[in-house]
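Participant: mmCIF, C-alpha atoms, saved as model07.cif, coming up:
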```
data_input
loop_
_atom_site.label_atom_id
_atom_site.label_comp_id
_atom_site.auth_asym_id
_atom_site.auth_seq_id
_atom_site.Cartn_x
_atom_site.Cartn_y
_atom_site.Cartn_z
CA MET A 1 -43.28 -58.54 -25.81
CA LEU A 2 -44.87 -56.71 -22.89
CA LEU A 3 -42.57 -54.57 -20.75
CA THR A 4 -43.28 -52.37 -17.72
CA VAL A 5 -41.15 -49.33 -16.91
CA THR A 6 -41.45 -47.79 -13.44
CA THR A 7 -40.02 -44.53 -12.09
CA ASP A 8 -39.08 -43.00 -8.76
CA GLY A 9 -42.17 -40.83 -9.07
CA GLU A 10 -44.36 -43.98 -9.12
CA GLU A 11 -45.34 -43.54 -12.76
CA MET A 12 -45.72 -46.73 -14.75
CA TYR A 13 -45.48 -47.24 -18.50
CA ASN A 14 -46.71 -50.46 -20.11
CA LEU A 15 -45.05 -51.02 -23.47
CA ASP A 16 -45.55 -53.66 -26.15
CA ILE A 17 -42.19 -53.74 -27.92
CA ASP A 18 -39.75 -56.01 -29.72
CA ASN A 19 -36.98 -57.64 -27.70
CA GLN A 20 -34.58 -56.56 -30.46
CA MET A 21 -35.14 -52.90 -29.59
CA ALA A 22 -31.91 -51.12 -28.68
CA ILE A 23 -31.59 -49.24 -25.40
CA GLU A 24 -31.25 -45.92 -27.23
CA ASP A 25 -34.54 -46.59 -29.00
CA LEU A 26 -36.24 -47.53 -25.74
CA LYS A 27 -35.07 -44.26 -24.21
CA ALA A 28 -36.41 -42.33 -27.19
CA LEU A 29 -39.76 -44.05 -26.79
CA LEU A 30 -39.78 -43.30 -23.06
CA GLU A 31 -39.05 -39.66 -23.83
CA ALA A 32 -42.18 -39.54 -25.98
CA GLU A 33 -44.19 -41.20 -23.20
CA SER A 34 -42.80 -39.38 -20.16
CA GLY A 35 -41.11 -36.23 -21.43
CA VAL A 36 -37.81 -37.23 -19.80
CA PRO A 37 -34.87 -36.67 -22.20
CA PRO A 38 -32.74 -39.77 -22.94
CA GLN A 39 -29.65 -38.16 -21.42
CA SER A 40 -31.56 -37.80 -18.14
CA GLN A 41 -32.64 -41.46 -18.06
CA HIS A 42 -30.88 -44.20 -16.15
CA LEU A 43 -32.47 -47.60 -16.83
CA PHE A 44 -31.98 -50.55 -14.48
CA PHE A 45 -32.88 -54.21 -14.83
CA SER A 46 -32.24 -56.70 -12.02
CA GLY A 47 -29.96 -54.17 -10.32
CA LYS A 48 -27.83 -53.60 -13.42
CA GLU A 49 -27.81 -50.37 -15.40
CA LEU A 50 -28.62 -50.67 -19.09
CA ASN A 51 -25.98 -48.19 -20.22
CA GLU A 52 -24.91 -49.53 -23.63
CA ALA A 53 -26.99 -47.60 -26.16
CA LYS A 54 -26.64 -50.06 -29.05
CA LYS A 55 -27.26 -53.17 -26.98
CA THR A 56 -30.70 -54.77 -27.33
CA LEU A 57 -33.12 -55.76 -24.61
CA GLU A 58 -32.60 -59.41 -25.50
CA GLU A 59 -28.85 -59.03 -25.07
CA TYR A 60 -29.47 -57.65 -21.60
CA GLY A 61 -31.67 -60.65 -20.79
CA VAL A 62 -34.90 -58.65 -20.65
CA GLY A 63 -37.85 -60.90 -21.46
CA GLU A 64 -41.64 -61.00 -21.52
CA ASN A 65 -43.43 -59.17 -18.67
CA GLU A 66 -40.17 -57.96 -17.14
CA ILE A 67 -39.88 -54.69 -15.20
CA ILE A 68 -37.30 -51.97 -15.90
CA HIS A 69 -36.82 -49.09 -13.49
CA MET A 70 -36.02 -45.60 -14.74
CA GLN A 71 -34.17 -43.07 -12.59
CA GLN A 72 -33.75 -39.42 -13.55
CA LEU A 73 -30.88 -37.02 -13.12
CA ALA A 74 -31.25 -34.23 -10.57
CA SER A 75 -33.40 -31.28 -11.62
CA GLN A 76 -30.35 -29.00 -12.04
CA GLN A 77 -28.76 -31.50 -14.40
CA GLN A 78 -32.03 -31.87 -16.26
CA GLY A 79 -32.14 -28.11 -16.75
CA GLN A 80 -28.67 -28.16 -18.25
CA ALA A 81 -29.54 -31.15 -20.44
CA SER A 82 -32.65 -29.42 -21.81
CA ALA A 83 -30.94 -26.07 -22.43
CA SER A 84 -30.88 -26.69 -26.16
CA GLY A 85 -34.71 -26.78 -26.14
CA GLY A 86 -36.39 -27.41 -29.47
CA SER A 87 -33.27 -28.83 -31.12
CA ASN A 88 -33.44 -31.82 -28.75
CA PHE A 89 -37.08 -32.37 -29.67
CA ASP A 90 -36.25 -32.29 -33.38
CA LEU A 91 -33.40 -34.76 -32.90
CA MET A 92 -35.82 -37.02 -31.05
CA ARG A 93 -38.36 -36.69 -33.89
CA GLN A 94 -35.74 -37.57 -36.50
CA HIS A 95 -34.64 -40.56 -34.46
CA VAL A 96 -38.23 -41.82 -34.28
CA LEU A 97 -38.70 -41.40 -38.03
CA ARG A 98 -35.51 -43.32 -38.81
CA ASP A 99 -36.67 -46.35 -36.84
CA PRO A 100 -39.83 -48.02 -38.29
CA ARG A 101 -40.27 -50.23 -35.22
CA LEU A 102 -40.05 -47.25 -32.87
CA LEU A 103 -42.51 -45.28 -35.01
CA GLN A 104 -44.91 -48.24 -35.03
CA GLN A 105 -44.70 -48.47 -31.24
CA LEU A 106 -45.42 -44.75 -30.90
CA GLU A 107 -48.41 -45.09 -33.24
CA SER A 108 -49.91 -47.73 -30.95
CA THR A 109 -49.32 -45.79 -27.72
CA ASN A 110 -49.79 -42.19 -28.89
CA PRO A 111 -51.09 -41.96 -32.48
CA GLU A 112 -51.48 -38.17 -32.34
CA LEU A 113 -47.83 -37.74 -31.40
CA ALA A 114 -46.77 -40.18 -34.13
CA HIS A 115 -48.78 -38.20 -36.70
CA ALA A 116 -47.09 -34.99 -35.55
CA ALA A 117 -43.68 -36.64 -35.84
CA ARG A 118 -44.36 -37.43 -39.49
CA ASN A 119 -46.15 -34.27 -40.55
CA ASP A 120 -45.72 -31.39 -38.11
CA PRO A 121 -42.35 -30.86 -36.35
CA ALA A 122 -43.61 -27.80 -34.45
CA ARG A 123 -46.63 -29.69 -33.18
CA PHE A 124 -44.41 -32.61 -32.17
CA SER A 125 -42.14 -30.33 -30.13
CA ALA A 126 -45.12 -28.66 -28.48
CA MET A 127 -46.68 -32.00 -27.54
CA VAL A 128 -43.46 -33.35 -26.02
CA GLN A 129 -43.04 -30.11 -24.07
CA GLN A 130 -46.60 -30.43 -22.80
CA ILE A 131 -45.97 -34.03 -21.71
CA GLU A 132 -42.89 -32.92 -19.81
CA GLN A 133 -44.68 -29.98 -18.18
CA THR A 134 -47.56 -32.22 -17.12
CA ARG A 135 -45.14 -34.71 -15.62
CA ARG A 136 -43.28 -31.98 -13.73
CA SER A 137 -46.52 -30.45 -12.43
CA ALA A 138 -47.67 -33.86 -11.20
CA GLU A 139 -44.36 -34.39 -9.44
CA VAL A 140 -44.53 -30.97 -7.76
CA GLN A 141 -48.10 -31.54 -6.62
CA LYS A 142 -47.24 -35.00 -5.32
CA SER A 143 -44.27 -33.69 -3.34
CA GLN A 144 -46.35 -30.83 -1.93
CA LEU A 145 -49.08 -33.18 -0.74
CA ALA A 146 -46.49 -35.50 0.74
CA ALA A 147 -44.96 -32.60 2.66
CA LEU A 148 -48.38 -31.53 3.92
CA ASN A 149 -49.24 -35.04 5.06
CA ASP A 150 -46.04 -35.17 7.12
CA ASP A 151 -47.74 -32.96 9.72
CA PRO A 152 -51.40 -34.03 9.97
CA PHE A 153 -52.03 -31.66 12.92
CA ASP A 154 -50.98 -28.51 11.08
CA VAL A 155 -54.20 -26.53 10.50
CA GLU A 156 -52.79 -24.62 7.52
CA ALA A 157 -51.57 -27.86 5.98
CA GLN A 158 -55.01 -29.41 6.33
CA LYS A 159 -56.59 -26.38 4.67
CA ARG A 160 -54.22 -26.67 1.73
CA ILE A 161 -54.96 -30.40 1.41
CA GLU A 162 -58.71 -29.69 1.46
CA ASP A 163 -58.22 -27.00 -1.19
CA ALA A 164 -56.24 -29.41 -3.39
CA ILE A 165 -58.99 -32.04 -3.06
CA ARG A 166 -61.63 -29.41 -3.81
CA GLN A 167 -59.80 -28.31 -6.95
CA GLU A 168 -59.52 -31.93 -8.11
CA ASN A 169 -63.26 -32.41 -7.59
CA ILE A 170 -64.03 -29.21 -9.50
CA ALA A 171 -61.85 -30.33 -12.40
CA ALA A 172 -63.46 -33.79 -12.40
CA ASN A 173 -66.98 -32.31 -12.35
CA LEU A 174 -66.10 -29.89 -15.15
CA GLU A 175 -64.71 -32.70 -17.28
CA ALA A 176 -67.83 -34.80 -16.69
CA ALA A 177 -70.10 -31.86 -17.49
CA MET A 178 -68.28 -31.13 -20.75
CA GLU A 179 -68.55 -34.78 -21.76
CA TYR A 180 -72.20 -35.39 -20.85
CA ASN A 181 -73.68 -31.87 -21.14
CA PRO A 182 -71.74 -30.10 -23.90
CA GLU A 183 -74.72 -27.86 -24.61
CA SER A 184 -73.94 -26.03 -21.36
CA PHE A 185 -70.62 -24.80 -22.77
CA ALA A 186 -71.45 -24.02 -26.38
CA ARG A 187 -74.36 -23.08 -28.56
CA VAL A 188 -76.15 -26.12 -29.93
CA THR A 189 -77.88 -25.78 -33.29
CA ARG A 190 -81.16 -27.66 -33.43
CA LEU A 191 -81.66 -29.91 -36.44
CA TYR A 192 -85.13 -30.01 -37.97
CA ILE A 193 -86.04 -32.21 -40.92
CA ASN A 194 -89.09 -32.64 -43.09
CA VAL A 195 -90.72 -36.05 -42.73
CA GLU A 196 -93.78 -37.74 -44.14
CA ILE A 197 -95.84 -40.18 -42.09
CA ASN A 198 -99.00 -41.72 -43.53
CA ASN A 199 -98.96 -39.10 -46.30
CA LYS A 200 -98.86 -36.36 -43.66
CA HIS A 201 -96.01 -33.82 -43.90
CA LEU A 202 -94.42 -32.94 -40.56
CA VAL A 203 -91.36 -31.13 -39.25
CA ALA A 204 -89.38 -33.29 -36.81
CA LEU A 205 -86.70 -32.29 -34.32
CA VAL A 206 -83.64 -34.58 -34.47
CA ASP A 207 -81.60 -35.23 -31.35
CA SER A 208 -78.13 -35.02 -32.91
CA GLY A 209 -76.57 -36.57 -29.81
CA ALA A 210 -78.72 -39.68 -29.83
CA GLN A 211 -77.33 -43.00 -31.03
CA SER A 212 -80.73 -44.22 -32.19
CA THR A 213 -84.21 -42.85 -32.84
CA VAL A 214 -87.47 -44.38 -31.61
CA ILE A 215 -90.82 -43.52 -33.18
CA ARG A 216 -93.79 -43.84 -30.87
CA LYS A 217 -96.73 -46.04 -31.91
CA GLN A 218 -99.11 -43.07 -31.69
CA LEU A 219 -97.49 -41.65 -34.84
CA ASN A 220 -99.13 -44.47 -36.79
CA TYR A 221 -102.39 -42.59 -36.38
CA VAL A 222 -101.11 -39.31 -37.80
CA GLY A 223 -103.14 -38.22 -40.74
#
```
Using the file provided, produce a representation of the structure as structure tokens.

Facilitator:
Amino acid sequence: MLLTVTTDGEEMYNLDIDNQMAIEDLKALLEAESGVPPQSQHLFFSGKELNEAKKTLEEYGVGENEIIHMQQLASQQQGQASASGGSNFDLMRQHVLRDPRLLQQLESTNPELAHAARNDPARFSAMVQQIEQTRRSAEVQKSQLAALNDDPFDVEAQKRIEDAIRQENIAANLEAAMEYNPESFARVTRLYINVEINNKHLVALVDSGAQSTVIRKQLNYVG
């Protein structure tokens, strides 16, 4: 069934899961998606907290296309909860591996993370840490922009907003350039091949980035 999980930070996670999934498994899946440890998650459905770990979504009355809201503990509590560091990540990995349905769900939403869970514990921990750091950075940036927007007449605030927008545009342009003009960032080796047209031997340059090759009609007259 399809399930949507929202957060106080306005993130949204769309999950395709089984209604027999236990709450503890859902929290483990959400940790992989959001980086929020299970012990820092408070899940609510129709105003009621889903606080029984072994109880399933169906038992809580959660059905198709329902919405669950996730609240987090305060940052100080989160710091205490994550003090054990990598051991928590390894426990999470082991939990995922013990549950075939949870592993299947992770494979559909984040196949690279699922592969790391099976084959590379260190990589799995690093990826979950990166997810959590990205989430925290996004939250900090969002709160900073919100604070700046509270005083639209503050000149310094406007400059910082403009700088944030400029940095976003630079990052977007860089990403687009790397996708569509990779030759600008790395050396590109030209590929030449020997061809024969009308019994005439030629050396042709192959565009390795092209999806198809078109031969002009004029080449019919070669030779």

Participant: Could you list the residues chosen by the PyMOL selection byres ((chain A and resi 206) around 6) in this structure as a list in words?

Facilitator: Leu191, Tyr192, Leu205, Asp207 and Ser208 of chain A

Participant: Name the residues captured by the PyMOL selection byres ((chain A and resi 90) around 9) when it is applied to the shown file; answer as a VMD selection string.

Facilitator: chain A and resid 86 to 89 91 to 95 117 121 to 122 124 to 125

Participant: Would you output that residue set with C-alpha atoms, as a short mmCIF file (atom, residue, chain, number, x, y, z; two decimals), keeping the file's coordinate frame?

Facilitator:
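Output contents, as saved in result-v6.cif:
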```cif
data_model
loop_
_atom_site.label_atom_id
_atom_site.label_comp_id
_atom_site.auth_asym_id
_atom_site.auth_seq_id
_atom_site.Cartn_x
_atom_site.Cartn_y
_atom_site.Cartn_z
CA GLY A 86 -36.39 -27.41 -29.47
CA SER A 87 -33.27 -28.83 -31.12
CA ASN A 88 -33.44 -31.82 -28.75
CA PHE A 89 -37.08 -32.37 -29.67
CA LEU A 91 -33.40 -34.76 -32.90
CA MET A 92 -35.82 -37.02 -31.05
CA ARG A 93 -38.36 -36.69 -33.89
CA GLN A 94 -35.74 -37.57 -36.50
CA HIS A 95 -34.64 -40.56 -34.46
CA ALA A 117 -43.68 -36.64 -35.84
CA PRO A 121 -42.35 -30.86 -36.35
CA ALA A 122 -43.61 -27.80 -34.45
CA PHE A 124 -44.41 -32.61 -32.17
CA SER A 125 -42.14 -30.33 -30.13
#
```

Participant: Just say which residues the PyMOL selection byres ((chain A and resi 7) around 9) picks in this file, as a ChimeraX atom specification.

Facilitator: /A:5-6,8-13,68-72

Participant: Quick one: of A:Asn173, A:Gln39, A:Gln105, A:Ser46, who's nearest to Asn14 in chain A, counting only C-alpha atoms?

Facilitator: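 Answer, going by the shortest atom-to-atom distance: A:Gln105.
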
Participant: Name the residues in contact with Ser108 in chain A at a cut-off of 12 Å, using only C-alpha atoms, excluding same-chain residues fewer than 2 positions from it; report them as a list in words.

Facilitator: Asn14, Leu15, Asp16, Ile17, Leu29, Glu33, Arg101, Leu102, Leu103, Gln104, Gln105, Leu106, Asn110, Pro111, Glu112, Leu113, Ala114 and His115 of chain A

Participant: Point out the residue among A:Ile193, A:Ala116, A:Ala138, A:Ala176 with the least atom-to-atom distance to Val96 in chain A, counting all atoms listed in the file.

Facilitator: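 Ranked by minimum distance to Val96 in chain A, first place goes to A:Ala116.
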
Participant: Can you pull out the residues contacting Asn51 in chain A? Cut-off 8 Å, using all atoms listed in the file, and skip same-chain residues under 2 positions away; I want them as number ranges by chain.

Facilitator: A: 23, 42-43, 49, 53

Participant: At what distance in Å, to one decimal, does CA of Gln130 in chain A lie from CA of Ile67 in chain A?

Facilitator: 26.3 Å

Participant: Do you have the CA of Glu59 in chain A-CA of Met1 in chain A distance handy?

Facilitator: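 That distance, rounded to one decimal, is 14.5 Å.
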
Participant: Could you work out how far CA of Val36 in chain A lies from CA of Asn19 in chain A, giving the answer in Å with one decimal?

Facilitator: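 Here the two named atoms are 21.9 Å from each other.
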
Participant: Using only C-alpha atoms, which of A:Glu52, A:Arg135, A:Gln129, A:Asn65 sits nearest Thr4 in chain A?

Facilitator: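 When distances to Thr4 in chain A are compared using only C-alpha atoms, the smallest one comes from A:Asn65.
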